[in-house]
$ cat start.cif   # mmCIF, C-alpha atoms, pLDDT in the B column; chains and numbers go by the auth columns
data_query
loop_
_atom_site.group_PDB
_atom_site.id
_atom_site.type_symbol
_atom_site.label_atom_id
_atom_site.label_comp_id
_atom_site.label_asym_id
_atom_site.label_seq_id
_atom_site.Cartn_x
_atom_site.Cartn_y
_atom_site.Cartn_z
_atom_site.B_iso_or_equiv
_atom_site.auth_seq_id
_atom_site.auth_asym_id
ATOM 1 C CA ASP A 1 -37.904 20.321 21.924 59.00 1 O
ATOM 2 C CA PHE A 2 -39.267 19.884 18.357 69.00 2 O
ATOM 3 C CA LEU A 3 -35.978 18.338 17.171 79.00 3 O
ATOM 4 C CA LYS A 4 -36.346 15.305 19.434 79.00 4 O
ATOM 5 C CA ILE A 5 -38.730 12.361 19.241 74.00 5 O
ATOM 6 C CA THR A 6 -40.361 11.361 22.523 67.00 6 O
ATOM 7 C CA PRO A 7 -39.353 7.747 23.273 64.00 7 O
ATOM 8 C CA CYS A 8 -42.244 5.317 23.636 60.00 8 O
ATOM 9 C CA ASP A 9 -40.554 2.384 25.344 62.00 9 O
ATOM 10 C CA PRO A 10 -36.822 2.608 26.220 55.00 10 O
ATOM 11 C CA GLN A 11 -36.456 -1.111 25.396 59.00 11 O
ATOM 12 C CA THR A 12 -37.826 -0.764 21.854 67.00 12 O
ATOM 13 C CA ASP A 13 -37.036 2.911 21.194 83.00 13 O
ATOM 14 C CA PRO A 14 -35.937 3.201 17.520 89.00 14 O
ATOM 15 C CA VAL A 15 -33.872 6.341 18.209 92.00 15 O
ATOM 16 C CA SER A 16 -31.731 4.515 20.779 91.00 16 O
ATOM 17 C CA ALA A 17 -31.393 1.488 18.516 93.00 17 O
ATOM 18 C CA VAL A 18 -30.287 3.563 15.515 95.00 18 O
ATOM 19 C CA ARG A 19 -27.842 5.486 17.722 95.00 19 O
ATOM 20 C CA ARG A 20 -26.356 2.229 19.001 94.00 20 O
ATOM 21 C CA ILE A 21 -26.059 0.663 15.530 96.00 21 O
ATOM 22 C CA THR A 22 -24.680 3.689 13.678 97.00 22 O
ATOM 23 C CA GLY A 23 -22.647 5.211 16.488 97.00 23 O
ATOM 24 C CA TYR A 24 -24.235 8.585 15.700 97.00 24 O
ATOM 25 C CA GLU A 25 -26.529 10.755 17.847 96.00 25 O
ATOM 26 C CA PHE A 26 -28.893 12.901 15.799 96.00 26 O
ATOM 27 C CA ILE A 27 -29.313 16.563 16.687 96.00 27 O
ATOM 28 C CA ASN A 28 -32.575 16.590 14.717 95.00 28 O
ATOM 29 C CA GLU A 29 -34.163 13.177 15.224 94.00 29 O
ATOM 30 C CA ASN A 30 -36.885 14.035 12.712 94.00 30 O
ATOM 31 C CA LEU A 31 -34.266 13.676 9.963 96.00 31 O
ATOM 32 C CA MET A 32 -33.694 10.134 11.182 96.00 32 O
ATOM 33 C CA ARG A 33 -37.435 9.438 11.130 95.00 33 O
ATOM 34 C CA GLN A 34 -37.700 10.841 7.590 97.00 34 O
ATOM 35 C CA ALA A 35 -35.003 8.371 6.464 98.00 35 O
ATOM 36 C CA PHE A 36 -37.282 5.484 7.499 97.00 36 O
ATOM 37 C CA THR A 37 -40.489 6.966 6.021 97.00 37 O
ATOM 38 C CA ARG A 38 -41.623 5.493 2.705 97.00 38 O
ATOM 39 C CA ARG A 39 -43.538 7.704 0.274 96.00 39 O
ATOM 40 C CA ALA A 40 -46.627 5.446 0.557 96.00 40 O
ATOM 41 C CA PHE A 41 -46.634 5.898 4.357 96.00 41 O
ATOM 42 C CA ALA A 42 -46.230 9.686 4.056 96.00 42 O
ATOM 43 C CA VAL A 43 -49.113 9.933 1.568 95.00 43 O
ATOM 44 C CA GLN A 44 -51.346 7.633 3.610 95.00 44 O
ATOM 45 C CA TYR A 45 -50.873 9.597 6.838 94.00 45 O
ATOM 46 C CA GLY A 46 -50.587 13.070 5.310 94.00 46 O
ATOM 47 C CA ILE A 47 -46.962 13.575 6.364 91.00 47 O
ATOM 48 C CA ASP A 48 -44.833 16.142 4.548 89.00 48 O
ATOM 49 C CA GLY A 49 -41.691 14.562 3.155 89.00 49 O
ATOM 50 C CA CYS A 50 -40.377 11.033 2.869 96.00 50 O
ATOM 51 C CA SER A 51 -37.026 9.330 2.451 97.00 51 O
ATOM 52 C CA GLU A 52 -36.569 9.941 -1.284 97.00 52 O
ATOM 53 C CA GLU A 53 -34.570 13.203 -1.171 95.00 53 O
ATOM 54 C CA LEU A 54 -32.310 11.720 1.507 98.00 54 O
ATOM 55 C CA GLU A 55 -31.796 8.579 -0.627 98.00 55 O
ATOM 56 C CA PHE A 56 -30.482 10.718 -3.484 97.00 56 O
ATOM 57 C CA LEU A 57 -27.925 12.346 -1.197 98.00 57 O
ATOM 58 C CA GLY A 58 -26.980 9.182 0.684 98.00 58 O
ATOM 59 C CA ASP A 59 -26.375 7.249 -2.531 98.00 59 O
ATOM 60 C CA ALA A 60 -23.856 9.860 -3.738 98.00 60 O
ATOM 61 C CA VAL A 61 -22.109 10.158 -0.346 98.00 61 O
ATOM 62 C CA LEU A 62 -21.869 6.378 0.060 98.00 62 O
ATOM 63 C CA GLY A 63 -20.348 5.998 -3.417 97.00 63 O
ATOM 64 C CA MET A 64 -17.739 8.636 -2.618 97.00 64 O
ATOM 65 C CA ILE A 65 -16.729 7.177 0.762 96.00 65 O
ATOM 66 C CA VAL A 66 -16.485 3.651 -0.678 96.00 66 O
ATOM 67 C CA THR A 67 -14.383 5.014 -3.572 95.00 67 O
ATOM 68 C CA LYS A 68 -12.125 6.825 -1.093 94.00 68 O
ATOM 69 C CA GLU A 69 -11.586 3.587 0.855 92.00 69 O
ATOM 70 C CA ILE A 70 -10.742 1.663 -2.330 92.00 70 O
ATOM 71 C CA VAL A 71 -8.251 4.354 -3.368 91.00 71 O
ATOM 72 C CA LYS A 72 -6.717 4.334 0.122 90.00 72 O
ATOM 73 C CA GLN A 73 -6.255 0.561 0.119 88.00 73 O
ATOM 74 C CA LEU A 74 -5.599 -0.295 -3.528 88.00 74 O
ATOM 75 C CA MET A 75 -4.105 2.806 -5.185 88.00 75 O
ATOM 76 C CA THR A 76 -0.887 4.737 -4.713 88.00 76 O
ATOM 77 C CA VAL A 77 1.043 7.720 -6.028 88.00 77 O
ATOM 78 C CA ASP A 78 4.209 6.281 -7.575 82.00 78 O
ATOM 79 C CA THR A 79 7.155 8.701 -7.519 79.00 79 O
ATOM 80 C CA VAL A 80 9.213 6.370 -9.742 80.00 80 O
ATOM 81 C CA CYS A 81 6.905 6.862 -12.745 75.00 81 O
ATOM 82 C CA PRO A 82 6.261 10.623 -13.098 78.00 82 O
ATOM 83 C CA GLU A 83 4.302 10.252 -16.365 82.00 83 O
ATOM 84 C CA ALA A 84 1.495 8.342 -14.653 81.00 84 O
ATOM 85 C CA PRO A 85 2.054 8.540 -10.896 87.00 85 O
ATOM 86 C CA PHE A 86 -1.450 7.540 -9.756 88.00 86 O
ATOM 87 C CA ARG A 87 -1.840 3.797 -10.167 82.00 87 O
ATOM 88 C CA ALA A 88 -3.090 0.571 -8.626 85.00 88 O
ATOM 89 C CA VAL A 89 -0.751 -1.074 -6.121 80.00 89 O
ATOM 90 C CA ARG A 90 -0.924 -4.351 -8.065 76.00 90 O
ATOM 91 C CA LEU A 91 -1.222 -5.347 -11.685 70.00 91 O
ATOM 92 C CA GLY A 92 -4.736 -6.165 -12.863 77.00 92 O
ATOM 93 C CA TYR A 93 -6.636 -3.628 -10.766 82.00 93 O
ATOM 94 C CA ASP A 94 -7.867 -1.638 -13.738 86.00 94 O
ATOM 95 C CA GLU A 95 -10.913 0.621 -13.840 89.00 95 O
ATOM 96 C CA GLY A 96 -13.246 -2.316 -14.515 86.00 96 O
ATOM 97 C CA VAL A 97 -12.072 -4.284 -11.471 87.00 97 O
ATOM 98 C CA LEU A 98 -12.128 -1.204 -9.211 91.00 98 O
ATOM 99 C CA SER A 99 -15.687 -0.431 -10.372 91.00 99 O
ATOM 100 C CA LYS A 100 -16.681 -4.024 -9.648 90.00 100 O
ATOM 101 C CA ILE A 101 -15.273 -3.737 -6.108 91.00 101 O
ATOM 102 C CA ARG A 102 -17.149 -0.487 -5.508 94.00 102 O
ATOM 103 C CA SER A 103 -20.399 -1.929 -6.910 93.00 103 O
ATOM 104 C CA SER A 104 -20.205 -4.891 -4.550 92.00 104 O
ATOM 105 C CA PHE A 105 -20.397 -2.555 -1.520 94.00 105 O
ATOM 106 C CA ILE A 106 -23.090 -0.202 -2.827 96.00 106 O
ATOM 107 C CA SER A 107 -25.299 -2.779 -4.548 96.00 107 O
ATOM 108 C CA LYS A 108 -28.954 -3.252 -3.656 97.00 108 O
ATOM 109 C CA GLU A 109 -28.255 -6.822 -2.527 96.00 109 O
ATOM 110 C CA TYR A 110 -25.395 -5.877 -0.203 95.00 110 O
ATOM 111 C CA LEU A 111 -27.152 -2.880 1.369 98.00 111 O
ATOM 112 C CA ALA A 112 -30.389 -4.847 1.867 97.00 112 O
ATOM 113 C CA CYS A 113 -28.432 -7.675 3.479 97.00 113 O
ATOM 114 C CA ARG A 114 -26.650 -5.248 5.838 97.00 114 O
ATOM 115 C CA ALA A 115 -29.987 -3.607 6.772 98.00 115 O
ATOM 116 C CA GLU A 116 -31.364 -7.002 7.801 97.00 116 O
ATOM 117 C CA LYS A 117 -28.210 -8.048 9.611 97.00 117 O
ATOM 118 C CA LEU A 118 -28.159 -4.831 11.649 97.00 118 O
ATOM 119 C CA GLY A 119 -31.910 -4.998 12.314 96.00 119 O
ATOM 120 C CA LEU A 120 -32.472 -1.524 10.862 97.00 120 O
ATOM 121 C CA ASP A 121 -35.083 -2.787 8.399 97.00 121 O
ATOM 122 C CA LYS A 122 -37.664 -3.347 11.159 95.00 122 O
ATOM 123 C CA TYR A 123 -37.985 0.432 11.658 95.00 123 O
ATOM 124 C CA ILE A 124 -39.032 1.206 8.063 97.00 124 O
ATOM 125 C CA LEU A 125 -42.475 2.855 7.935 96.00 125 O
ATOM 126 C CA TYR A 126 -44.439 1.208 5.105 97.00 126 O
ATOM 127 C CA GLY A 127 -47.796 2.237 3.678 95.00 127 O
ATOM 128 C CA SER A 128 -50.738 -0.172 3.855 95.00 128 O
ATOM 129 C CA GLY A 129 -50.357 -2.999 1.392 90.00 129 O
ATOM 130 C CA GLU A 130 -46.676 -2.237 0.827 95.00 130 O
ATOM 131 C CA GLU A 131 -44.383 -5.253 1.151 95.00 131 O
ATOM 132 C CA PRO A 132 -40.784 -5.145 2.417 96.00 132 O
ATOM 133 C CA THR A 133 -38.321 -5.612 -0.459 97.00 133 O
ATOM 134 C CA GLU A 134 -34.598 -5.476 -1.099 97.00 134 O
ATOM 135 C CA SER A 135 -35.179 -2.084 -2.734 97.00 135 O
ATOM 136 C CA SER A 136 -36.928 -0.643 0.322 98.00 136 O
ATOM 137 C CA ARG A 137 -34.093 -1.813 2.582 98.00 137 O
ATOM 138 C CA GLU A 138 -31.491 -0.357 0.213 98.00 138 O
ATOM 139 C CA ASP A 139 -33.420 2.943 0.056 98.00 139 O
ATOM 140 C CA MET A 140 -33.495 3.182 3.844 98.00 140 O
ATOM 141 C CA MET A 141 -29.733 2.605 4.153 98.00 141 O
ATOM 142 C CA GLU A 142 -29.007 5.337 1.604 98.00 142 O
ATOM 143 C CA ALA A 143 -31.536 7.696 3.211 98.00 143 O
ATOM 144 C CA LEU A 144 -30.039 7.162 6.663 98.00 144 O
ATOM 145 C CA ILE A 145 -26.582 8.079 5.345 98.00 145 O
ATOM 146 C CA GLY A 146 -28.147 11.152 3.728 98.00 146 O
ATOM 147 C CA ALA A 147 -29.811 12.083 7.030 98.00 147 O
ATOM 148 C CA VAL A 148 -26.497 11.829 8.910 98.00 148 O
ATOM 149 C CA THR A 149 -24.822 13.966 6.228 98.00 149 O
ATOM 150 C CA ILE A 150 -27.351 16.776 6.679 98.00 150 O
ATOM 151 C CA ASP A 151 -27.638 16.456 10.465 98.00 151 O
ATOM 152 C CA SER A 152 -23.851 16.534 10.958 98.00 152 O
ATOM 153 C CA ASN A 153 -23.484 19.482 8.571 98.00 153 O
ATOM 154 C CA TRP A 154 -21.221 17.411 6.287 98.00 154 O
ATOM 155 C CA ASP A 155 -18.893 16.298 9.068 98.00 155 O
ATOM 156 C CA TRP A 156 -16.872 13.763 7.057 97.00 156 O
ATOM 157 C CA ASN A 157 -15.434 12.076 10.159 97.00 157 O
ATOM 158 C CA ALA A 158 -18.944 11.430 11.494 98.00 158 O
ATOM 159 C CA ILE A 159 -20.194 10.309 8.067 98.00 159 O
ATOM 160 C CA GLU A 160 -17.283 7.903 7.559 97.00 160 O
ATOM 161 C CA THR A 161 -17.765 6.419 11.028 97.00 161 O
ATOM 162 C CA VAL A 162 -21.466 5.823 10.352 98.00 162 O
ATOM 163 C CA ILE A 163 -20.786 4.265 6.944 97.00 163 O
ATOM 164 C CA ASP A 164 -18.081 2.048 8.443 96.00 164 O
ATOM 165 C CA ASN A 165 -20.516 0.868 11.154 96.00 165 O
ATOM 166 C CA MET A 166 -23.306 0.273 8.639 97.00 166 O
ATOM 167 C CA ILE A 167 -21.435 -1.127 5.638 94.00 167 O
ATOM 168 C CA ARG A 168 -18.447 -2.895 7.207 89.00 168 O
ATOM 169 C CA MET A 169 -16.359 -2.515 4.067 84.00 169 O
ATOM 170 C CA GLN A 170 -13.583 -5.110 4.100 78.00 170 O
ATOM 171 C CA LEU A 171 -11.036 -5.582 1.332 75.00 171 O
ATOM 172 C CA ASN A 172 -9.297 -8.639 2.786 71.00 172 O
ATOM 173 C CA ASP A 173 -9.409 -10.547 -0.503 72.00 173 O
ATOM 174 C CA PRO A 174 -9.602 -8.070 -3.407 66.00 174 O
ATOM 175 C CA ASP A 175 -8.096 -10.664 -5.783 67.00 175 O
ATOM 176 C CA ARG A 176 -11.460 -12.442 -5.982 67.00 176 O
ATOM 177 C CA TYR A 177 -12.726 -9.506 -8.036 58.00 177 O
ATOM 178 C CA LEU A 178 -10.085 -10.259 -10.680 63.00 178 O
ATOM 179 C CA LYS A 179 -11.917 -13.458 -11.606 64.00 179 O
ATOM 180 C CA LYS A 180 -14.331 -12.976 -14.473 61.00 180 O
ATOM 181 C CA THR A 181 -17.881 -14.305 -14.192 57.00 181 O
ATOM 182 C CA TYR A 182 -19.313 -16.596 -16.899 55.00 182 O
ATOM 183 C CA PHE A 183 -21.470 -13.666 -17.952 56.00 183 O
ATOM 184 C CA GLU A 184 -18.428 -11.386 -18.454 57.00 184 O
ATOM 185 C CA THR A 185 -16.485 -14.140 -20.265 60.00 185 O
ATOM 186 C CA PHE A 186 -19.381 -14.771 -22.677 65.00 186 O
ATOM 187 C CA ASN A 187 -19.846 -11.033 -23.320 67.00 187 O
ATOM 188 C CA ALA A 188 -16.138 -10.642 -24.138 64.00 188 O
ATOM 189 C CA TRP A 189 -16.226 -13.701 -26.437 64.00 189 O
ATOM 190 C CA HIS A 190 -19.353 -12.411 -28.221 69.00 190 O
ATOM 191 C CA GLN A 191 -17.809 -8.952 -28.646 76.00 191 O
ATOM 192 C CA ARG A 192 -14.630 -10.469 -30.093 76.00 192 O
ATOM 193 C CA HIS A 193 -16.445 -12.734 -32.573 76.00 193 O
ATOM 194 C CA PHE A 194 -19.432 -10.624 -33.596 81.00 194 O
ATOM 195 C CA GLY A 195 -18.233 -7.092 -32.923 82.00 195 O
ATOM 196 C CA GLN A 196 -21.068 -6.310 -30.500 80.00 196 O
ATOM 197 C CA MET A 197 -22.496 -7.197 -27.118 76.00 197 O
ATOM 198 C CA PRO A 198 -25.123 -9.976 -27.080 76.00 198 O
ATOM 199 C CA ASN A 199 -28.797 -9.077 -26.958 80.00 199 O
ATOM 200 C CA TYR A 200 -30.413 -10.267 -23.712 73.00 200 O
#
$ encode --input "start.cif" --output "structure tokens"
Amino acid sequence: DFLKITPCDPQTDPVSAVRRITGYEFINENLMRQAFTRRAFAVQYGIDGCSEELEFLGDAVLGMIVTKEIVKQLMTVDTVCPEAPFRAVRLGYDEGVLSKIRSSFISKEYLACRAEKLGLDKYILYGSGEEPTESSREDMMEALIGAVTIDSNWDWNAIETVIDNMIRMQLNDPDRYLKKTYFETFNAWHQRHFGQMPNY
């Protein structure tokens, strides 16, 4: 069957490992392989296609699912205030704070860290001379989400399950995002006193 990849060694079979980690069984395992294939590897070995198109899709899908989870946990429709019924459940969770929360779960650093923790990064197919980086691990995570999206034919339940298994989004302490960093404090001070953002 051309949709399946023949396992080499059941103990080290990447398909089984990815299935175990994500909780998803690919119909077309070649989509999964494409998610791990760097452009340099594809060019070097004359393979059609790499992870880049899947990264584009996975990035957008991940952002939407993370946003949905934030809305579910931190926003509400308030029937008491009909003029502006959609609001944060607590004071202070404005657009800036909500964006900061979302960024923390879709950032390069967080996704790269999750890739390492799950052991998914060891299946990335690099070209000769290419070094593993945070960016390559982030790309793979996004591409894998994109691959699941296509393979499942946009089955949102399957996609959400995979993202939950991969990202482990927890909002146990959202108040920590209310604290401003020194960088944000300085920017605000500079804006107030000089009417513009500082030049870095």
$ resolve_selection --input "start.cif" --expression "the PyMOL selection byres ((chain O and resi 33) around 10)" --output "MDAnalysis selection string"
chainID O and resid 5 14:15 28:32 34:37 50:51 123:125 144 147
$ resolve_selection --input "start.cif" --expression "the PyMOL selection byres ((chain O and resi 68-74) around 12)" --output "NGL selection string"
:O and (61-67 or 75-77 or 86-95 or 97-105 or 156 or 160 or 163-164 or 167-175)
$ residues_around --input "start.cif" --residues "O:Phe26" --least-positions-apart "6" --cutoff "10 Å" --atoms "only C-alpha atoms" --output "NGL selection string"
:O and (3-4 or 15 or 18-19 or 32 or 147-148 or 151-152)
$ atom_distance --input "start.cif" --atom1 "atom CA of O:Glu53" --atom2 "atom CA of O:Thr22"
20.2 Å
$ residues_around --input "start.cif" --residues "O:Ala112" --least-positions-apart "5" --cutoff "6 Å" --atoms "all atoms listed in the file" --output "ChimeraX atom specification"
/O:134,137-138
$ residues_around --input "start.cif" --residues "O:Ala60" --least-positions-apart "5" --cutoff "9 Å" --atoms "all atoms listed in the file" --output "short mmCIF file (atom, residue, chain, number, x, y, z; two decimals) with C-alpha atoms, in the coordinates of the input"
data_model
loop_
_atom_site.label_atom_id
_atom_site.label_comp_id
_atom_site.auth_asym_id
_atom_site.auth_seq_id
_atom_site.Cartn_x
_atom_site.Cartn_y
_atom_site.Cartn_z
CA GLU O 55 -31.80 8.58 -0.63
CA ILE O 65 -16.73 7.18 0.76
CA GLU O 142 -29.01 5.34 1.60
CA GLY O 146 -28.15 11.15 3.73
#
$ atom_distance --input "start.cif" --atom1 "atom CA of O:Ser135" --atom2 "atom CA of O:Phe41"
15.7 Å
$ atom_distance --input "start.cif" --atom1 "atom CA of O:Asp155" --atom2 "atom CA of O:Ala42"
28.6 Å
$ residues_around --input "start.cif" --residues "O:Gly46" --least-positions-apart "6" --cutoff "12 Å" --atoms "only C-alpha atoms" --output "number ranges by chain"
O: 37, 39-40, 127
